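Note sheet for the following structure.
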Amino acid sequence: MITVPKRVYFVVWLLLLVLLVATWGMAKLNLHPFNAILAMTIAVLKMLLIMLYFMHLRYSSRLTWIFAGAGFLWLAILILISLNDYLTRGPGGGG
Amino acid sequence: MPEVRPALAEQFDSLEQQHEAATLGIWTFLATEVLFFGGLFTAYVVYRFLYPQAFAEASHHTNLLYGTVNTAVLLTSSLTMALAVQAAQEGRNRALVRCLAATIVLGIGFLLVKGLEYREHFAHHLVPGAQFALTAKPKTELFFWLYFTMTGLHGIHVLAGIGVLSVLAFMSSRLNFSSEYYTPVEMGGLYWHFVDIVWVFLYPLLYLINRHL
C-alpha cells in the first residue's frame, strides 16, 4: 500500500494556493490572449497536482492511468470536433 | 462491539486485486462524470467563441471575491480529504473522523458562500428570465444560463459529496474501517477530489478569462 509523507500533502496544498493567488492576480491585468492561456494553464497544473498527489495517481498502476486518461481523451474529441465546425464557418462565425 | 467485516470479499483473490478493481471502477465512473460536465464545457467553449463581447460584459457581473474564496475553501477541503485517507490507511480512527468532519464543514462553507453569491445575483436580476437586467446587451443571458447550470450542477455534486462523506464519517465513528480495509474512504476521497477539479476549471472560465476580452 502507498504511504505518502504528510509533508507532501501540505506542500501540494501550498502550491495550489500559490497558483490560485497567481491566477487571481493575473486576472486583474490585461494580458490580451494570455489571460485565457495562462489561466487555463494554471487550472491544468492544479488539476495535475490534485490528480497525481491527492488522488494518488502518481503511485497507481499504469492501468489506472489509462482509465483516468480515458475521460479526458473523449472530452478532447468532443470539444475539438465541435470547434472544428464553428472555427471553419468563415466570417460571422455561423450560429 | 461493532461488527467486523472480513476485509477480503470472496470474489477476489487478494486485497491488492480487490483494491485495483475498486480503483478502476471509481475512475470509470469519474470518466462518465467528465463527459457529463463535458457537454456544458463544450457549450461554453462554442458560445464564448461566437459571442466574446457578451461573455466579457457578463463576466464583470460575477463576484470575483466569492469565487476566489470558494476556490481556496475547496482546495483546502481536498487537503483535509487527503489527510482523512491517510489517517484511514494508518488505522488512526479518531483522526479519520476529525478529517472527514473538517472536509464536510468546508464543503458546507463552500455551499454557503455560493448561496450568498446566488442571492446577490437574484438581487441584481442576473438570473435568466423575464426580470433579466442586461437585456440591452445581447447574449449576456446565455452566459448566465451557462453560469447557473454549471455552478448548479457542480453544487449538486458538492452536496452529494457531503452526503458520501457523512456516511463515511458515521461508518468510521462506528469503527468499521481498519488499516486493512478502508477502500470506501479512499473511493469517497477520489470523488471529492474530482468535484474539486471541476471547480478548478469553472473558476477561470466563469470568473477570470473573460474580464479583458
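Each chain of the C-alpha cells is named A, B, ... in the order shown, its residues numbered from 1; ligands are numbered from 1 in display order.
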List every residue of chain A that has an atom at most 8 Å from any atom of chain B, and for each one report the closest atom pair and its distance in Å to one decimal, counting only C-alpha atoms, with rows sorted by chain and then by increasing residue number, as JSON lines.
{"residue": "A:Thr3", "atom": "CA", "partner": "B:Gln86", "partner_atom": "CA", "distance": 7.7}
{"residue": "A:Val4", "atom": "CA", "partner": "B:Gln86", "partner_atom": "CA", "distance": 7.9}
{"residue": "A:Lys6", "atom": "CA", "partner": "B:Leu83", "partner_atom": "CA", "distance": 7.5}
{"residue": "A:Tyr9", "atom": "CA", "partner": "B:Leu79", "partner_atom": "CA", "distance": 6.6}
{"residue": "A:Phe10", "atom": "CA", "partner": "B:Leu79", "partner_atom": "CA", "distance": 7.2}
{"residue": "A:Trp13", "atom": "CA", "partner": "B:Leu79", "partner_atom": "CA", "distance": 6.2}
{"residue": "A:Leu16", "atom": "CA", "partner": "B:Leu75", "partner_atom": "CA", "distance": 7.1}
{"residue": "A:Leu17", "atom": "CA", "partner": "B:Ala72", "partner_atom": "CA", "distance": 6.7}
{"residue": "A:Leu20", "atom": "CA", "partner": "B:Ala72", "partner_atom": "CA", "distance": 7.4}
{"residue": "A:Trp24", "atom": "CA", "partner": "B:Thr68", "partner_atom": "CA", "distance": 7.2}
{"residue": "A:Ala27", "atom": "CA", "partner": "B:Leu208", "partner_atom": "CA", "distance": 5.4}
{"residue": "A:Asn30", "atom": "CA", "partner": "B:His212", "partner_atom": "CA", "distance": 5.8}
{"residue": "A:Leu31", "atom": "CA", "partner": "B:His212", "partner_atom": "CA", "distance": 7.8}
{"residue": "A:His32", "atom": "CA", "partner": "B:His212", "partner_atom": "CA", "distance": 6.7}
{"residue": "A:Asn35", "atom": "CA", "partner": "B:Ile209", "partner_atom": "CA", "distance": 5.7}
{"residue": "A:Ala36", "atom": "CA", "partner": "B:Ile209", "partner_atom": "CA", "distance": 4.8}
{"residue": "A:Ala39", "atom": "CA", "partner": "B:Pro204", "partner_atom": "CA", "distance": 6.0}
{"residue": "A:Met40", "atom": "CA", "partner": "B:Pro204", "partner_atom": "CA", "distance": 6.9}
{"residue": "A:Ala43", "atom": "CA", "partner": "B:Val200", "partner_atom": "CA", "distance": 5.9}
{"residue": "A:Lys46", "atom": "CA", "partner": "B:Val200", "partner_atom": "CA", "distance": 7.2}
{"residue": "A:Met47", "atom": "CA", "partner": "B:Ile197", "partner_atom": "CA", "distance": 5.8}
{"residue": "A:Ile50", "atom": "CA", "partner": "B:His193", "partner_atom": "CA", "distance": 7.0}
{"residue": "A:Met51", "atom": "CA", "partner": "B:His193", "partner_atom": "CA", "distance": 7.8}
{"residue": "A:Phe54", "atom": "CA", "partner": "B:Ala82", "partner_atom": "CA", "distance": 5.5}
{"residue": "A:Met55", "atom": "CA", "partner": "B:Leu190", "partner_atom": "CA", "distance": 5.8}
{"residue": "A:Thr64", "atom": "CA", "partner": "B:Leu24", "partner_atom": "CA", "distance": 6.0}
{"residue": "A:Phe67", "atom": "CA", "partner": "B:Trp27", "partner_atom": "CA", "distance": 6.0}
{"residue": "A:Ala68", "atom": "CA", "partner": "B:Trp27", "partner_atom": "CA", "distance": 5.7}
{"residue": "A:Ala70", "atom": "CA", "partner": "B:Ala31", "partner_atom": "CA", "distance": 6.6}
{"residue": "A:Gly71", "atom": "CA", "partner": "B:Ala31", "partner_atom": "CA", "distance": 4.1}
{"residue": "A:Phe72", "atom": "CA", "partner": "B:Val34", "partner_atom": "CA", "distance": 7.1}
{"residue": "A:Trp74", "atom": "CA", "partner": "B:Leu35", "partner_atom": "CA", "distance": 7.5}
{"residue": "A:Leu75", "atom": "CA", "partner": "B:Gly38", "partner_atom": "CA", "distance": 6.0}
{"residue": "A:Leu78", "atom": "CA", "partner": "B:Thr42", "partner_atom": "CA", "distance": 7.2}
{"residue": "A:Ile79", "atom": "CA", "partner": "B:Thr42", "partner_atom": "CA", "distance": 5.3}
{"residue": "A:Ser82", "atom": "CA", "partner": "B:Thr42", "partner_atom": "CA", "distance": 7.6}
{"residue": "A:Leu83", "atom": "CA", "partner": "B:Val46", "partner_atom": "CA", "distance": 6.6}
{"residue": "A:Tyr86", "atom": "CA", "partner": "B:Val46", "partner_atom": "CA", "distance": 7.3}
{"residue": "A:Gly93", "atom": "CA", "partner": "B:Leu50", "partner_atom": "CA", "distance": 6.2}
{"residue": "A:Gly95", "atom": "CA", "partner": "B:Leu50", "partner_atom": "CA", "distance": 7.4}
Prev. selection, N, CA and C atoms, output as a compact mmCIF listing (two decimals), in the first residue's frame:
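Final output, saved to result_37.txt:
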# COMPACT_ATOMS: atom_id res chain seq x y z
N THR A 3 2.33 4.71 0.97
CA THR A 3 2.37 5.65 2.09
C THR A 3 3.06 6.93 1.62
N VAL A 4 2.32 8.00 1.67
CA VAL A 4 2.82 9.30 1.24
C VAL A 4 3.11 10.10 2.51
N LYS A 6 3.12 12.96 5.11
CA LYS A 6 2.11 14.01 5.32
C LYS A 6 2.60 15.34 4.74
N TYR A 9 1.47 16.26 1.24
CA TYR A 9 0.12 16.82 1.08
C TYR A 9 0.10 18.31 1.38
N PHE A 10 0.84 18.72 2.41
CA PHE A 10 0.83 20.14 2.78
C PHE A 10 1.56 20.97 1.72
N TRP A 13 -0.77 21.36 -1.19
CA TRP A 13 -1.82 22.33 -0.83
C TRP A 13 -1.29 23.76 -0.95
N LEU A 16 -0.98 24.72 -4.50
CA LEU A 16 -2.30 25.00 -5.06
C LEU A 16 -2.74 26.42 -4.70
N LEU A 17 -2.49 26.81 -3.45
CA LEU A 17 -2.90 28.16 -3.04
C LEU A 17 -2.06 29.22 -3.73
N LEU A 20 -3.42 29.60 -7.08
CA LEU A 20 -4.70 30.32 -7.01
C LEU A 20 -4.46 31.83 -6.94
N TRP A 24 -5.48 34.57 -9.82
CA TRP A 24 -6.38 35.65 -9.40
C TRP A 24 -5.74 37.00 -9.70
N ALA A 27 -5.63 37.89 -13.42
CA ALA A 27 -6.94 38.26 -13.99
C ALA A 27 -7.17 39.77 -13.89
N ASN A 30 -4.53 43.26 -17.86
CA ASN A 30 -4.97 42.96 -19.23
C ASN A 30 -3.81 42.38 -20.02
N LEU A 31 -3.82 41.06 -20.18
CA LEU A 31 -2.74 40.39 -20.90
C LEU A 31 -3.19 39.93 -22.28
N HIS A 32 -4.32 40.48 -22.73
CA HIS A 32 -4.86 40.11 -24.04
C HIS A 32 -5.06 38.59 -24.14
N ASN A 35 -4.44 36.15 -20.97
CA ASN A 35 -5.30 35.96 -19.80
C ASN A 35 -5.88 34.56 -19.80
N ALA A 36 -6.47 34.18 -20.93
CA ALA A 36 -7.11 32.86 -21.02
C ALA A 36 -6.05 31.76 -21.03
N ALA A 39 -4.50 31.41 -17.49
CA ALA A 39 -5.48 30.92 -16.51
C ALA A 39 -5.77 29.44 -16.73
N MET A 40 -5.89 29.03 -18.00
CA MET A 40 -6.19 27.62 -18.26
C MET A 40 -4.96 26.74 -18.00
N ALA A 43 -4.95 26.22 -14.36
CA ALA A 43 -6.00 25.26 -13.99
C ALA A 43 -5.53 23.82 -14.25
N LYS A 46 -3.04 22.83 -11.57
CA LYS A 46 -3.72 22.49 -10.32
C LYS A 46 -4.34 21.11 -10.42
N MET A 47 -4.97 20.83 -11.57
CA MET A 47 -5.59 19.52 -11.75
C MET A 47 -4.55 18.40 -11.64
N ILE A 50 -3.54 17.82 -8.06
CA ILE A 50 -4.59 17.10 -7.32
C ILE A 50 -4.62 15.64 -7.74
N MET A 51 -4.56 15.39 -9.06
CA MET A 51 -4.66 14.01 -9.53
C MET A 51 -3.44 13.18 -9.12
N PHE A 54 -3.06 14.10 -4.45
CA PHE A 54 -4.25 13.85 -3.62
C PHE A 54 -4.97 12.58 -4.07
N MET A 55 -5.04 12.36 -5.40
CA MET A 55 -5.75 11.18 -5.91
C MET A 55 -4.81 10.00 -6.12
N THR A 64 -4.54 2.12 -14.17
CA THR A 64 -5.34 3.21 -13.59
C THR A 64 -5.13 4.50 -14.37
N PHE A 67 -7.34 4.45 -17.37
CA PHE A 67 -8.73 4.72 -17.00
C PHE A 67 -8.93 6.20 -16.69
N ALA A 68 -7.95 6.79 -15.99
CA ALA A 68 -8.08 8.20 -15.62
C ALA A 68 -7.97 9.08 -16.86
N ALA A 70 -8.87 8.24 -19.97
CA ALA A 70 -9.89 7.97 -20.98
C ALA A 70 -10.93 9.08 -21.06
N GLY A 71 -11.42 9.53 -19.91
CA GLY A 71 -12.44 10.58 -19.90
C GLY A 71 -11.95 11.83 -20.61
N PHE A 72 -10.68 12.19 -20.37
CA PHE A 72 -10.13 13.40 -20.99
C PHE A 72 -9.97 13.24 -22.49
N TRP A 74 -11.92 11.49 -24.48
CA TRP A 74 -13.24 11.68 -25.10
C TRP A 74 -13.68 13.13 -25.00
N LEU A 75 -13.33 13.79 -23.91
CA LEU A 75 -13.68 15.21 -23.77
C LEU A 75 -12.97 16.03 -24.84
N LEU A 78 -14.73 15.52 -28.07
CA LEU A 78 -15.99 16.26 -28.06
C LEU A 78 -15.76 17.74 -28.37
N ILE A 79 -14.81 18.36 -27.67
CA ILE A 79 -14.60 19.81 -27.83
C ILE A 79 -13.94 20.11 -29.18
N SER A 82 -16.29 19.53 -32.20
CA SER A 82 -17.34 20.56 -32.22
C SER A 82 -16.76 21.87 -32.73
N LEU A 83 -15.58 22.25 -32.22
CA LEU A 83 -14.96 23.52 -32.63
C LEU A 83 -14.56 23.48 -34.10
N TYR A 86 -17.35 25.10 -35.90
CA TYR A 86 -17.53 26.54 -35.73
C TYR A 86 -16.35 27.35 -36.25
N GLY A 93 -18.87 33.62 -38.16
CA GLY A 93 -18.83 32.51 -37.21
C GLY A 93 -20.04 31.61 -37.27
N GLY A 95 -23.64 30.20 -36.59
CA GLY A 95 -24.58 30.37 -35.48
C GLY A 95 -26.01 30.28 -35.97
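Among the candidate residues B:Ala54, B:Val195, B:Leu116, B:Leu100, the one lying nearest to Ile156 of chain B is B:Val195, with distances computed using only C-alpha atoms.
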